[in-house]
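Q: Structure file my_file.pdb (PDB, C-alpha atoms and all ligand atoms) right here:
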```pdb
ATOM      1  CA  MET A   1     -75.169  54.477 -51.023  1.00  0.00           C
ATOM      2  CA  ILE A   2     -71.936  52.476 -50.892  1.00  0.00           C
ATOM      3  CA  LEU A   3     -70.860  50.469 -47.845  1.00  0.00           C
ATOM      4  CA  ALA A   4     -67.071  50.048 -47.814  1.00  0.00           C
ATOM      5  CA  SER A   5     -67.211  46.870 -45.725  1.00  0.00           C
ATOM      6  CA  GLN A   6     -67.195  43.125 -46.167  1.00  0.00           C
ATOM      7  CA  SER A   7     -68.531  42.556 -42.654  1.00  0.00           C
ATOM      8  CA  PRO A   8     -71.872  40.676 -42.870  1.00  0.00           C
ATOM      9  CA  ARG A   9     -72.929  42.301 -39.567  1.00  0.00           C
ATOM     10  CA  ARG A  10     -72.388  45.825 -40.915  1.00  0.00           C
ATOM     11  CA  ILE A  11     -74.190  45.022 -44.168  1.00  0.00           C
ATOM     12  CA  GLU A  12     -77.168  43.618 -42.258  1.00  0.00           C
ATOM     13  CA  LEU A  13     -77.366  46.575 -39.840  1.00  0.00           C
ATOM     14  CA  MET A  14     -77.300  49.074 -42.727  1.00  0.00           C
ATOM     15  CA  ARG A  15     -79.970  47.198 -44.704  1.00  0.00           C
ATOM     16  CA  GLU A  16     -82.176  46.727 -41.633  1.00  0.00           C
ATOM     17  CA  ALA A  17     -81.937  50.491 -41.067  1.00  0.00           C
ATOM     18  CA  GLY A  18     -83.497  50.924 -44.504  1.00  0.00           C
ATOM     19  CA  TYR A  19     -80.406  51.916 -46.521  1.00  0.00           C
ATOM     20  CA  ASP A  20     -80.147  50.410 -49.970  1.00  0.00           C
ATOM     21  CA  VAL A  21     -76.385  49.749 -49.903  1.00  0.00           C
ATOM     22  CA  VAL A  22     -74.040  48.432 -52.546  1.00  0.00           C
ATOM     23  CA  VAL A  23     -71.139  46.588 -50.914  1.00  0.00           C
ATOM     24  CA  GLU A  24     -67.606  47.509 -52.007  1.00  0.00           C
ATOM     25  CA  PRO A  25     -65.032  46.401 -49.414  1.00  0.00           C
ATOM     26  CA  ALA A  26     -61.889  48.490 -48.957  1.00  0.00           C
ATOM     27  CA  ASP A  27     -58.569  46.719 -48.785  1.00  0.00           C
ATOM     28  CA  ILE A  28     -56.258  48.921 -46.732  1.00  0.00           C
ATOM     29  CA  ASP A  29     -53.268  48.400 -44.451  1.00  0.00           C
ATOM     30  CA  GLU A  30     -54.657  48.327 -40.875  1.00  0.00           C
ATOM     31  CA  THR A  31     -51.295  48.493 -39.057  1.00  0.00           C
ATOM     32  CA  PRO A  32     -51.256  51.126 -36.273  1.00  0.00           C
ATOM     33  CA  LEU A  33     -48.801  53.997 -36.716  1.00  0.00           C
ATOM     34  CA  PRO A  34     -46.018  54.298 -34.121  1.00  0.00           C
ATOM     35  CA  ASP A  35     -47.459  55.797 -30.905  1.00  0.00           C
ATOM     36  CA  GLU A  36     -50.968  55.911 -32.342  1.00  0.00           C
ATOM     37  CA  GLY A  37     -53.713  55.650 -29.701  1.00  0.00           C
ATOM     38  CA  PRO A  38     -56.797  53.426 -30.121  1.00  0.00           C
ATOM     39  CA  ARG A  39     -59.198  56.315 -30.748  1.00  0.00           C
ATOM     40  CA  GLU A  40     -56.927  57.870 -33.381  1.00  0.00           C
ATOM     41  CA  LEU A  41     -56.440  54.461 -35.024  1.00  0.00           C
ATOM     42  CA  VAL A  42     -60.131  53.585 -35.509  1.00  0.00           C
ATOM     43  CA  GLY A  43     -60.902  57.103 -36.714  1.00  0.00           C
ATOM     44  CA  ARG A  44     -58.054  57.036 -39.223  1.00  0.00           C
ATOM     45  CA  LEU A  45     -58.894  53.540 -40.522  1.00  0.00           C
ATOM     46  CA  ALA A  46     -62.585  54.374 -41.006  1.00  0.00           C
ATOM     47  CA  VAL A  47     -61.593  57.460 -43.015  1.00  0.00           C
ATOM     48  CA  SER A  48     -58.983  55.502 -45.035  1.00  0.00           C
ATOM     49  CA  LYS A  49     -61.542  52.810 -45.930  1.00  0.00           C
ATOM     50  CA  ALA A  50     -64.113  55.403 -47.018  1.00  0.00           C
ATOM     51  CA  MET A  51     -61.560  57.456 -49.008  1.00  0.00           C
ATOM     52  CA  ALA A  52     -60.171  54.358 -50.781  1.00  0.00           C
ATOM     53  CA  VAL A  53     -63.641  53.392 -52.017  1.00  0.00           C
ATOM     54  CA  ALA A  54     -64.685  57.002 -52.772  1.00  0.00           C
ATOM     55  CA  ALA A  55     -61.625  57.288 -55.039  1.00  0.00           C
ATOM     56  CA  GLN A  56     -63.156  54.609 -57.296  1.00  0.00           C
ATOM     57  CA  HIS A  57     -66.215  56.820 -57.808  1.00  0.00           C
ATOM     58  CA  GLY A  58     -64.730  60.068 -59.073  1.00  0.00           C
ATOM     59  CA  HIS A  59     -67.222  62.926 -58.923  1.00  0.00           C
ATOM     60  CA  GLU A  60     -70.327  60.797 -58.333  1.00  0.00           C
ATOM     61  CA  ASP A  61     -72.993  62.136 -55.992  1.00  0.00           C
ATOM     62  CA  GLU A  62     -72.878  59.003 -53.853  1.00  0.00           C
ATOM     63  CA  LEU A  63     -72.325  58.581 -50.104  1.00  0.00           C
ATOM     64  CA  VAL A  64     -69.619  56.143 -48.993  1.00  0.00           C
ATOM     65  CA  VAL A  65     -69.854  54.673 -45.458  1.00  0.00           C
ATOM     66  CA  ALA A  66     -67.038  52.837 -43.640  1.00  0.00           C
ATOM     67  CA  ALA A  67     -66.201  51.662 -40.124  1.00  0.00           C
ATOM     68  CA  ASP A  68     -63.471  50.044 -38.088  1.00  0.00           C
ATOM     69  CA  THR A  69     -63.737  48.314 -34.714  1.00  0.00           C
ATOM     70  CA  ILE A  70     -61.095  47.463 -32.123  1.00  0.00           C
ATOM     71  CA  VAL A  71     -60.999  46.393 -28.501  1.00  0.00           C
ATOM     72  CA  THR A  72     -58.750  48.269 -26.106  1.00  0.00           C
ATOM     73  CA  ILE A  73     -57.632  47.530 -22.554  1.00  0.00           C
ATOM     74  CA  ASP A  74     -54.915  49.346 -20.570  1.00  0.00           C
ATOM     75  CA  GLY A  75     -54.042  51.379 -23.675  1.00  0.00           C
ATOM     76  CA  GLU A  76     -53.302  48.171 -25.574  1.00  0.00           C
ATOM     77  CA  ILE A  77     -55.041  47.628 -28.932  1.00  0.00           C
ATOM     78  CA  LEU A  78     -56.602  44.239 -29.692  1.00  0.00           C
ATOM     79  CA  GLY A  79     -57.555  43.777 -33.322  1.00  0.00           C
ATOM     80  CA  LYS A  80     -58.528  40.475 -34.910  1.00  0.00           C
ATOM     81  CA  PRO A  81     -56.519  37.543 -33.506  1.00  0.00           C
ATOM     82  CA  ALA A  82     -53.768  36.138 -35.758  1.00  0.00           C
ATOM     83  CA  ASP A  83     -54.617  32.521 -34.812  1.00  0.00           C
ATOM     84  CA  ALA A  84     -56.212  30.371 -32.088  1.00  0.00           C
ATOM     85  CA  ASP A  85     -53.341  30.911 -29.605  1.00  0.00           C
ATOM     86  CA  ASP A  86     -53.560  34.655 -30.082  1.00  0.00           C
ATOM     87  CA  ALA A  87     -57.342  34.468 -29.508  1.00  0.00           C
ATOM     88  CA  CYS A  88     -56.798  32.553 -26.206  1.00  0.00           C
ATOM     89  CA  HIS A  89     -54.232  35.117 -25.120  1.00  0.00           C
ATOM     90  CA  MET A  90     -56.638  38.007 -25.827  1.00  0.00           C
ATOM     91  CA  LEU A  91     -59.511  36.340 -23.942  1.00  0.00           C
ATOM     92  CA  ARG A  92     -57.280  35.665 -20.899  1.00  0.00           C
ATOM     93  CA  HIS A  93     -56.418  39.346 -20.952  1.00  0.00           C
ATOM     94  CA  LEU A  94     -60.104  40.352 -21.007  1.00  0.00           C
ATOM     95  CA  SER A  95     -61.184  37.813 -18.343  1.00  0.00           C
ATOM     96  CA  GLY A  96     -62.792  39.330 -15.233  1.00  0.00           C
ATOM     97  CA  ARG A  97     -62.176  42.902 -16.377  1.00  0.00           C
ATOM     98  CA  THR A  98     -63.758  45.827 -18.217  1.00  0.00           C
ATOM     99  CA  HIS A  99     -62.501  46.823 -21.663  1.00  0.00           C
ATOM    100  CA  GLN A 100     -63.555  49.357 -24.274  1.00  0.00           C
ATOM    101  CA  VAL A 101     -64.880  48.582 -27.729  1.00  0.00           C
ATOM    102  CA  MET A 102     -64.248  51.482 -30.127  1.00  0.00           C
ATOM    103  CA  THR A 103     -65.738  51.876 -33.565  1.00  0.00           C
ATOM    104  CA  GLY A 104     -64.680  54.634 -35.902  1.00  0.00           C
ATOM    105  CA  ALA A 105     -67.327  55.513 -38.501  1.00  0.00           C
ATOM    106  CA  CYS A 106     -66.903  57.692 -41.577  1.00  0.00           C
ATOM    107  CA  VAL A 107     -69.277  59.043 -44.227  1.00  0.00           C
ATOM    108  CA  VAL A 108     -68.094  60.947 -47.276  1.00  0.00           C
ATOM    109  CA  ARG A 109     -69.700  62.005 -50.554  1.00  0.00           C
ATOM    110  CA  ALA A 110     -67.534  60.686 -53.403  1.00  0.00           C
ATOM    111  CA  GLY A 111     -67.686  63.959 -55.351  1.00  0.00           C
ATOM    112  CA  ASP A 112     -66.647  65.991 -52.275  1.00  0.00           C
ATOM    113  CA  ALA A 113     -63.783  63.572 -51.568  1.00  0.00           C
ATOM    114  CA  ALA A 114     -62.537  64.103 -55.135  1.00  0.00           C
ATOM    115  CA  GLU A 115     -62.621  67.892 -54.629  1.00  0.00           C
ATOM    116  CA  ALA A 116     -61.480  68.364 -51.027  1.00  0.00           C
ATOM    117  CA  GLY A 117     -59.835  65.082 -49.986  1.00  0.00           C
ATOM    118  CA  GLU A 118     -60.138  63.949 -46.347  1.00  0.00           C
ATOM    119  CA  ALA A 119     -61.446  67.369 -45.304  1.00  0.00           C
ATOM    120  CA  ALA A 120     -64.779  66.296 -46.839  1.00  0.00           C
ATOM    121  CA  ALA A 121     -65.018  63.203 -44.619  1.00  0.00           C
ATOM    122  CA  ARG A 122     -67.316  63.296 -41.570  1.00  0.00           C
ATOM    123  CA  ARG A 123     -66.380  60.951 -38.770  1.00  0.00           C
ATOM    124  CA  PHE A 124     -66.953  59.983 -35.140  1.00  0.00           C
ATOM    125  CA  VAL A 125     -65.676  57.411 -32.674  1.00  0.00           C
ATOM    126  CA  GLU A 126     -68.162  55.583 -30.441  1.00  0.00           C
ATOM    127  CA  VAL A 127     -67.013  53.835 -27.241  1.00  0.00           C
ATOM    128  CA  THR A 128     -68.791  51.077 -25.289  1.00  0.00           C
ATOM    129  CA  ASP A 129     -67.525  49.599 -21.996  1.00  0.00           C
ATOM    130  CA  VAL A 130     -67.840  45.822 -21.745  1.00  0.00           C
ATOM    131  CA  ALA A 131     -67.227  43.867 -18.508  1.00  0.00           C
ATOM    132  CA  PHE A 132     -66.386  40.147 -18.778  1.00  0.00           C
ATOM    133  CA  TYR A 133     -66.983  37.444 -16.183  1.00  0.00           C
ATOM    134  CA  PRO A 134     -63.817  35.711 -15.010  1.00  0.00           C
ATOM    135  CA  LEU A 135     -63.118  32.960 -17.573  1.00  0.00           C
ATOM    136  CA  ILE A 136     -61.422  29.660 -16.869  1.00  0.00           C
ATOM    137  CA  ASP A 137     -58.944  28.243 -19.385  1.00  0.00           C
ATOM    138  CA  GLU A 138     -61.197  25.385 -20.393  1.00  0.00           C
ATOM    139  CA  GLU A 139     -64.032  27.795 -21.227  1.00  0.00           C
ATOM    140  CA  ILE A 140     -61.669  29.942 -23.309  1.00  0.00           C
ATOM    141  CA  ARG A 141     -60.369  26.858 -25.202  1.00  0.00           C
ATOM    142  CA  ARG A 142     -63.876  25.646 -25.924  1.00  0.00           C
ATOM    143  CA  TYR A 143     -64.924  29.067 -27.175  1.00  0.00           C
ATOM    144  CA  VAL A 144     -61.871  29.464 -29.413  1.00  0.00           C
ATOM    145  CA  ASP A 145     -62.369  25.921 -30.791  1.00  0.00           C
ATOM    146  CA  SER A 146     -65.890  26.945 -31.862  1.00  0.00           C
ATOM    147  CA  GLY A 147     -64.242  29.291 -34.403  1.00  0.00           C
ATOM    148  CA  GLU A 148     -66.478  32.205 -33.441  1.00  0.00           C
ATOM    149  CA  PRO A 149     -63.678  34.523 -32.187  1.00  0.00           C
ATOM    150  CA  LEU A 150     -61.305  34.278 -35.127  1.00  0.00           C
ATOM    151  CA  ASP A 151     -62.599  37.058 -37.401  1.00  0.00           C
ATOM    152  CA  LYS A 152     -63.506  39.439 -34.600  1.00  0.00           C
ATOM    153  CA  ALA A 153     -61.691  42.271 -32.854  1.00  0.00           C
ATOM    154  CA  GLY A 154     -60.759  41.251 -29.286  1.00  0.00           C
ATOM    155  CA  ALA A 155     -61.455  37.582 -30.163  1.00  0.00           C
ATOM    156  CA  TYR A 156     -65.153  37.569 -29.288  1.00  0.00           C
ATOM    157  CA  GLY A 157     -68.528  38.361 -30.788  1.00  0.00           C
ATOM    158  CA  ILE A 158     -71.093  39.631 -28.280  1.00  0.00           C
ATOM    159  CA  GLN A 159     -73.847  38.609 -30.728  1.00  0.00           C
ATOM    160  CA  GLY A 160     -72.683  34.981 -30.928  1.00  0.00           C
ATOM    161  CA  VAL A 161     -74.059  32.036 -28.967  1.00  0.00           C
ATOM    162  CA  GLY A 162     -70.716  31.598 -27.183  1.00  0.00           C
ATOM    163  CA  GLY A 163     -69.771  35.278 -26.985  1.00  0.00           C
ATOM    164  CA  ARG A 164     -72.923  36.314 -25.161  1.00  0.00           C
ATOM    165  CA  MET A 165     -71.950  33.949 -22.316  1.00  0.00           C
ATOM    166  CA  LEU A 166     -68.789  35.940 -21.514  1.00  0.00           C
ATOM    167  CA  VAL A 167     -70.398  39.312 -20.888  1.00  0.00           C
ATOM    168  CA  LYS A 168     -71.364  40.511 -17.404  1.00  0.00           C
ATOM    169  CA  LYS A 169     -72.282  44.096 -18.220  1.00  0.00           C
ATOM    170  CA  ILE A 170     -72.187  46.647 -21.004  1.00  0.00           C
ATOM    171  CA  ASP A 171     -72.332  50.414 -20.792  1.00  0.00           C
ATOM    172  CA  GLY A 172     -73.090  52.087 -24.120  1.00  0.00           C
ATOM    173  CA  ASP A 173     -74.412  51.125 -27.548  1.00  0.00           C
ATOM    174  CA  TYR A 174     -74.665  47.338 -28.040  1.00  0.00           C
ATOM    175  CA  TYR A 175     -74.493  47.717 -31.834  1.00  0.00           C
ATOM    176  CA  ASN A 176     -71.212  49.556 -31.460  1.00  0.00           C
ATOM    177  CA  VAL A 177     -69.771  46.347 -29.972  1.00  0.00           C
ATOM    178  CA  VAL A 178     -71.145  44.351 -32.906  1.00  0.00           C
ATOM    179  CA  GLY A 179     -69.212  46.715 -35.219  1.00  0.00           C
ATOM    180  CA  LEU A 180     -71.597  49.487 -36.283  1.00  0.00           C
ATOM    181  CA  PRO A 181     -73.136  52.162 -34.016  1.00  0.00           C
ATOM    182  CA  ILE A 182     -76.124  52.315 -36.322  1.00  0.00           C
ATOM    183  CA  ALA A 183     -78.316  54.842 -34.440  1.00  0.00           C
ATOM    184  CA  ARG A 184     -75.599  57.512 -34.309  1.00  0.00           C
ATOM    185  CA  LEU A 185     -74.415  56.678 -37.820  1.00  0.00           C
ATOM    186  CA  ALA A 186     -77.950  56.940 -39.262  1.00  0.00           C
ATOM    187  CA  ARG A 187     -78.247  60.425 -37.768  1.00  0.00           C
ATOM    188  CA  LEU A 188     -75.045  61.487 -39.539  1.00  0.00           C
ATOM    189  CA  ILE A 189     -76.092  59.877 -42.840  1.00  0.00           C
ATOM    190  CA  ASP A 190     -79.549  61.486 -42.748  1.00  0.00           C
ATOM    191  CA  GLU A 191     -77.997  64.873 -41.968  1.00  0.00           C
ATOM    192  CA  MET A 192     -75.743  64.526 -45.029  1.00  0.00           C
ATOM    193  CA  LEU A 193     -78.623  63.371 -47.244  1.00  0.00           C
ATOM    194  CA  ASN A 194     -80.664  66.386 -46.128  1.00  0.00           C
ATOM    195  CA  GLU A 195     -77.800  68.810 -46.773  1.00  0.00           C
ATOM    196  CA  ALA A 196     -77.718  67.645 -50.392  1.00  0.00           C
ATOM    197  CA  ARG A 197     -81.337  68.613 -50.933  1.00  0.00           C
TER
HETATM  198  C1  LIG B   1     -65.913  42.967 -30.188  1.00  0.00           C
HETATM  199  C2  LIG B   1     -66.661  42.479 -31.388  1.00  0.00           C
HETATM  200  C3  LIG B   1     -66.171  42.628 -32.680  1.00  0.00           C
HETATM  201  N1  LIG B   1     -66.860  42.179 -33.770  1.00  0.00           N
HETATM  202  C4  LIG B   1     -66.358  42.346 -35.159  1.00  0.00           C
HETATM  203  C5  LIG B   1     -66.838  43.621 -35.854  1.00  0.00           C
HETATM  204  C6  LIG B   1     -65.915  43.721 -37.031  1.00  0.00           C
HETATM  205  O1  LIG B   1     -66.489  43.015 -38.138  1.00  0.00           O
HETATM  206  C7  LIG B   1     -64.650  42.997 -36.570  1.00  0.00           C
HETATM  207  C8  LIG B   1     -63.510  43.960 -36.499  1.00  0.00           C
HETATM  208  O2  LIG B   1     -62.882  44.082 -37.750  1.00  0.00           O
HETATM  209  P1  LIG B   1     -62.888  45.378 -38.681  1.00  0.00           P
HETATM  210  O3  LIG B   1     -61.506  45.506 -39.257  1.00  0.00           O
HETATM  211  O4  LIG B   1     -63.468  46.552 -37.957  1.00  0.00           O
HETATM  212  O5  LIG B   1     -63.933  45.020 -39.876  1.00  0.00           O
HETATM  213  P2  LIG B   1     -63.957  43.842 -40.939  1.00  0.00           P
HETATM  214  O6  LIG B   1     -62.557  43.514 -41.404  1.00  0.00           O
HETATM  215  O7  LIG B   1     -64.781  42.706 -40.390  1.00  0.00           O
HETATM  216  O8  LIG B   1     -64.791  44.460 -42.142  1.00  0.00           O
HETATM  217  P3  LIG B   1     -64.440  45.738 -43.076  1.00  0.00           P
HETATM  218  O9  LIG B   1     -63.032  46.227 -42.805  1.00  0.00           O
HETATM  219  O10 LIG B   1     -64.603  45.263 -44.493  1.00  0.00           O
HETATM  220  O11 LIG B   1     -65.485  46.759 -42.712  1.00  0.00           O
HETATM  221  O12 LIG B   1     -64.947  42.437 -35.289  1.00  0.00           O
HETATM  222  C9  LIG B   1     -68.101  41.543 -33.602  1.00  0.00           C
HETATM  223  O13 LIG B   1     -68.722  41.116 -34.576  1.00  0.00           O
HETATM  224  N2  LIG B   1     -68.608  41.392 -32.349  1.00  0.00           N
HETATM  225  C10 LIG B   1     -67.956  41.826 -31.226  1.00  0.00           C
HETATM  226  O14 LIG B   1     -68.487  41.657 -30.097  1.00  0.00           O
END
```
Take the structure from the file and write it as structure tokens.
Ligand SMILES: Cc1cn([C@H]2C[C@H](O)[C@@H](COP(=O)(O)OP(=O)(O)OP(=O)(O)O)O2)c(=O)[nH]c1=O
A:
Amino acid sequence: MILASQSPRRIELMREAGYDVVVEPADIDETPLPDEGPRELVGRLAVSKAMAVAAQHGHEDELVVAADTIVTIDGEILGKPADADDACHMLRHLSGRTHQVMTGACVVRAGDAAEAGEAAARRFVEVTDVAFYPLIDEEIRRYVDSGEPLDKAGAYGIQGVGGRMLVKKIDGDYYNVVGLPIARLARLIDEMLNEAR
């Protein structure tokens, strides 16, 4: 099985679930389309990542798995912060409020992708609500200076030593916030492995 992701968290979650994955990151343009909503965006990007990597594998009988995670609040999409100032801005926005973390996940068999294109791709979008405590500026600065937020959607990592201190409540799958809704994804993968038998 191929994991189209360079995220160490996704790789670890897949391996811990017992999947023997080969890592082949996809390099795609992640810019939202005009008027594209958050749910549509994560779904489309997960499919694009999976299709880009599947295309390298022609008619092979190999599953390709990909995902994309964003944070959304008031219809606004927060991806990875551009720099430290952007990270501070995002965290101020999330302070004292509830936002949604959305992960799009996609699984496609390379051979089917070669035959049928995107129609062969199976996908879903998982949503988790996350409520933050009110954050003071000094706390935000300290957290951003730690470097933890910089490679993460919404400028925080719930799994990090600093990130866990921001969260008041979550409603939904914790692993979805980390970047891979592994329980739901494993069900889809196992279904596709069984279909092939
Ligand atoms: C909100 C949140 C995000 N994140 C991470 C998950 C994702 O790795 C990242 C969002 O970026 P993505 O573009 O989804 O993924 P990626 O670029 O890290 O990896 P790839 O495209 O190769 O699969 O933010 C956390 O680790 N913890 C969190 O609490």
Q: How would you write, as a PyMOL selection string, the set of residues no farther than 8 Å from ligand LIG 1 (chain B) when counting all atoms listed in the file?
A: chain A and resi 4-10+25-27+30+49+66-71+79-80+101+103+151-160+163+177-180
Q: Could you please take those selected residues and save C-alpha atoms as a PDB file, in the coordinates of the input?
A:
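This is the output file part12.pdb:
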```
ATOM      1  CA  ALA A   4     -67.071  50.048 -47.814  1.00  0.00           C
ATOM      2  CA  SER A   5     -67.211  46.870 -45.725  1.00  0.00           C
ATOM      3  CA  GLN A   6     -67.195  43.125 -46.167  1.00  0.00           C
ATOM      4  CA  SER A   7     -68.531  42.556 -42.654  1.00  0.00           C
ATOM      5  CA  PRO A   8     -71.872  40.676 -42.870  1.00  0.00           C
ATOM      6  CA  ARG A   9     -72.929  42.301 -39.567  1.00  0.00           C
ATOM      7  CA  ARG A  10     -72.388  45.825 -40.915  1.00  0.00           C
ATOM      8  CA  PRO A  25     -65.032  46.401 -49.414  1.00  0.00           C
ATOM      9  CA  ALA A  26     -61.889  48.490 -48.957  1.00  0.00           C
ATOM     10  CA  ASP A  27     -58.569  46.719 -48.785  1.00  0.00           C
ATOM     11  CA  GLU A  30     -54.657  48.327 -40.875  1.00  0.00           C
ATOM     12  CA  LYS A  49     -61.542  52.810 -45.930  1.00  0.00           C
ATOM     13  CA  ALA A  66     -67.038  52.837 -43.640  1.00  0.00           C
ATOM     14  CA  ALA A  67     -66.201  51.662 -40.124  1.00  0.00           C
ATOM     15  CA  ASP A  68     -63.471  50.044 -38.088  1.00  0.00           C
ATOM     16  CA  THR A  69     -63.737  48.314 -34.714  1.00  0.00           C
ATOM     17  CA  ILE A  70     -61.095  47.463 -32.123  1.00  0.00           C
ATOM     18  CA  VAL A  71     -60.999  46.393 -28.501  1.00  0.00           C
ATOM     19  CA  GLY A  79     -57.555  43.777 -33.322  1.00  0.00           C
ATOM     20  CA  LYS A  80     -58.528  40.475 -34.910  1.00  0.00           C
ATOM     21  CA  VAL A 101     -64.880  48.582 -27.729  1.00  0.00           C
ATOM     22  CA  THR A 103     -65.738  51.876 -33.565  1.00  0.00           C
ATOM     23  CA  ASP A 151     -62.599  37.058 -37.401  1.00  0.00           C
ATOM     24  CA  LYS A 152     -63.506  39.439 -34.600  1.00  0.00           C
ATOM     25  CA  ALA A 153     -61.691  42.271 -32.854  1.00  0.00           C
ATOM     26  CA  GLY A 154     -60.759  41.251 -29.286  1.00  0.00           C
ATOM     27  CA  ALA A 155     -61.455  37.582 -30.163  1.00  0.00           C
ATOM     28  CA  TYR A 156     -65.153  37.569 -29.288  1.00  0.00           C
ATOM     29  CA  GLY A 157     -68.528  38.361 -30.788  1.00  0.00           C
ATOM     30  CA  ILE A 158     -71.093  39.631 -28.280  1.00  0.00           C
ATOM     31  CA  GLN A 159     -73.847  38.609 -30.728  1.00  0.00           C
ATOM     32  CA  GLY A 160     -72.683  34.981 -30.928  1.00  0.00           C
ATOM     33  CA  GLY A 163     -69.771  35.278 -26.985  1.00  0.00           C
ATOM     34  CA  VAL A 177     -69.771  46.347 -29.972  1.00  0.00           C
ATOM     35  CA  VAL A 178     -71.145  44.351 -32.906  1.00  0.00           C
ATOM     36  CA  GLY A 179     -69.212  46.715 -35.219  1.00  0.00           C
ATOM     37  CA  LEU A 180     -71.597  49.487 -36.283  1.00  0.00           C
TER      38      LEU A 180
END
```
Q: Determine the nearest neighbour of Tyr143 of chain A from the options A:Val108, A:Ala119, A:Val42, A:Ala84, counting all atoms listed in the file.
A: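 The shortest atom-to-atom distance to Tyr143 of chain A comes from A:Ala84.
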Q: Report the distance between atom CA of Ile28 of chain A and atom CA of Arg15 of chain A in Å, rounded to one decimal place.
A: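 Straight-line distance from atom CA of Ile28 of chain A to atom CA of Arg15 of chain A works out to 23.9 Å.
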Q: Set the distance at 9 Å and use only C-alpha atoms: which residues neighbour segment 124-138 of chain A once local chain neighbours fewer than 5 positions away are removed? I'd like the list as a VMD selection string.
A: chain A and resid 39 to 40 42 to 43 88 91 to 92 94 to 106 143 165 to 174 176 to 177 181 184 to 185
Q: Would you export the selected residues with C-alpha atoms as a CSV table (one decimal), keeping the file's coordinate frame, please?
A:
```
chain,number,residue,atom,x,y,z
A,39,ARG,CA,-59.2,56.3,-30.7
A,40,GLU,CA,-56.9,57.9,-33.4
A,42,VAL,CA,-60.1,53.6,-35.5
A,43,GLY,CA,-60.9,57.1,-36.7
A,88,CYS,CA,-56.8,32.6,-26.2
A,91,LEU,CA,-59.5,36.3,-23.9
A,92,ARG,CA,-57.3,35.7,-20.9
A,94,LEU,CA,-60.1,40.4,-21.0
A,95,SER,CA,-61.2,37.8,-18.3
A,96,GLY,CA,-62.8,39.3,-15.2
A,97,ARG,CA,-62.2,42.9,-16.4
A,98,THR,CA,-63.8,45.8,-18.2
A,99,HIS,CA,-62.5,46.8,-21.7
A,100,GLN,CA,-63.6,49.4,-24.3
A,101,VAL,CA,-64.9,48.6,-27.7
A,102,MET,CA,-64.2,51.5,-30.1
A,103,THR,CA,-65.7,51.9,-33.6
A,104,GLY,CA,-64.7,54.6,-35.9
A,105,ALA,CA,-67.3,55.5,-38.5
A,106,CYS,CA,-66.9,57.7,-41.6
A,143,TYR,CA,-64.9,29.1,-27.2
A,165,MET,CA,-72.0,33.9,-22.3
A,166,LEU,CA,-68.8,35.9,-21.5
A,167,VAL,CA,-70.4,39.3,-20.9
A,168,LYS,CA,-71.4,40.5,-17.4
A,169,LYS,CA,-72.3,44.1,-18.2
A,170,ILE,CA,-72.2,46.6,-21.0
A,171,ASP,CA,-72.3,50.4,-20.8
A,172,GLY,CA,-73.1,52.1,-24.1
A,173,ASP,CA,-74.4,51.1,-27.5
A,174,TYR,CA,-74.7,47.3,-28.0
A,176,ASN,CA,-71.2,49.6,-31.5
A,177,VAL,CA,-69.8,46.3,-30.0
A,181,PRO,CA,-73.1,52.2,-34.0
A,184,ARG,CA,-75.6,57.5,-34.3
A,185,LEU,CA,-74.4,56.7,-37.8
```
Q: To one decimal in Å, tell me the separation between atom CA of Ala183 of chain A and atom CA of Gly117 of chain A.
A: 26.2 Å
Q: Expanded to explicit residues, what is the PyMOL selection byres (((chain A and resi 75) around 10) and not hetatm) for this file, as a list in words?
A: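 That expression, the PyMOL selection byres (((chain A and resi 75) around 10) and not hetatm), corresponds here to Gly37, Pro38, Val71, Thr72, Ile73, Asp74, Glu76, Ile77, Leu78, His99 and Gln100 of chain A.
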Q: Could you state the separation of atom CA of Pro81 of chain A and atom CA of Glu148 of chain A in Å, given to one decimal place?
A: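 We find that atom CA of Pro81 of chain A and atom CA of Glu148 of chain A lie 11.3 Å from each other.
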Q: Which centre and edge lengths in Å to one decimal define the box along x, y and z that fits every listed atom of segment 134-138 of chain A plus 5 Å per side, as AutoDock Vina command-line options?
A:
```
--center_x -61.4 --center_y 30.5 --center_z -17.7 --size_x 14.9 --size_y 20.3 --size_z 15.4
```
Q: Can you find the residues with an atom no farther than 6 Å from (-66.4, 57.9, -51.2), counting all atoms listed in the file, and report them as a list of chain:residue names?
A: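 Output: A:Ala50, A:Met51, A:Val53, A:Ala54, A:Val64, A:Val108, A:Arg109, A:Ala110.
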Q: Give me the result of the PyMOL selection byres (((chain A and resi 61) around 6) and not hetatm) on this file, residue by residue, as a list in words.
A: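 Applied to this file, the PyMOL selection byres (((chain A and resi 61) around 6) and not hetatm) returns Glu60, Glu62 and Gly111 of chain A.
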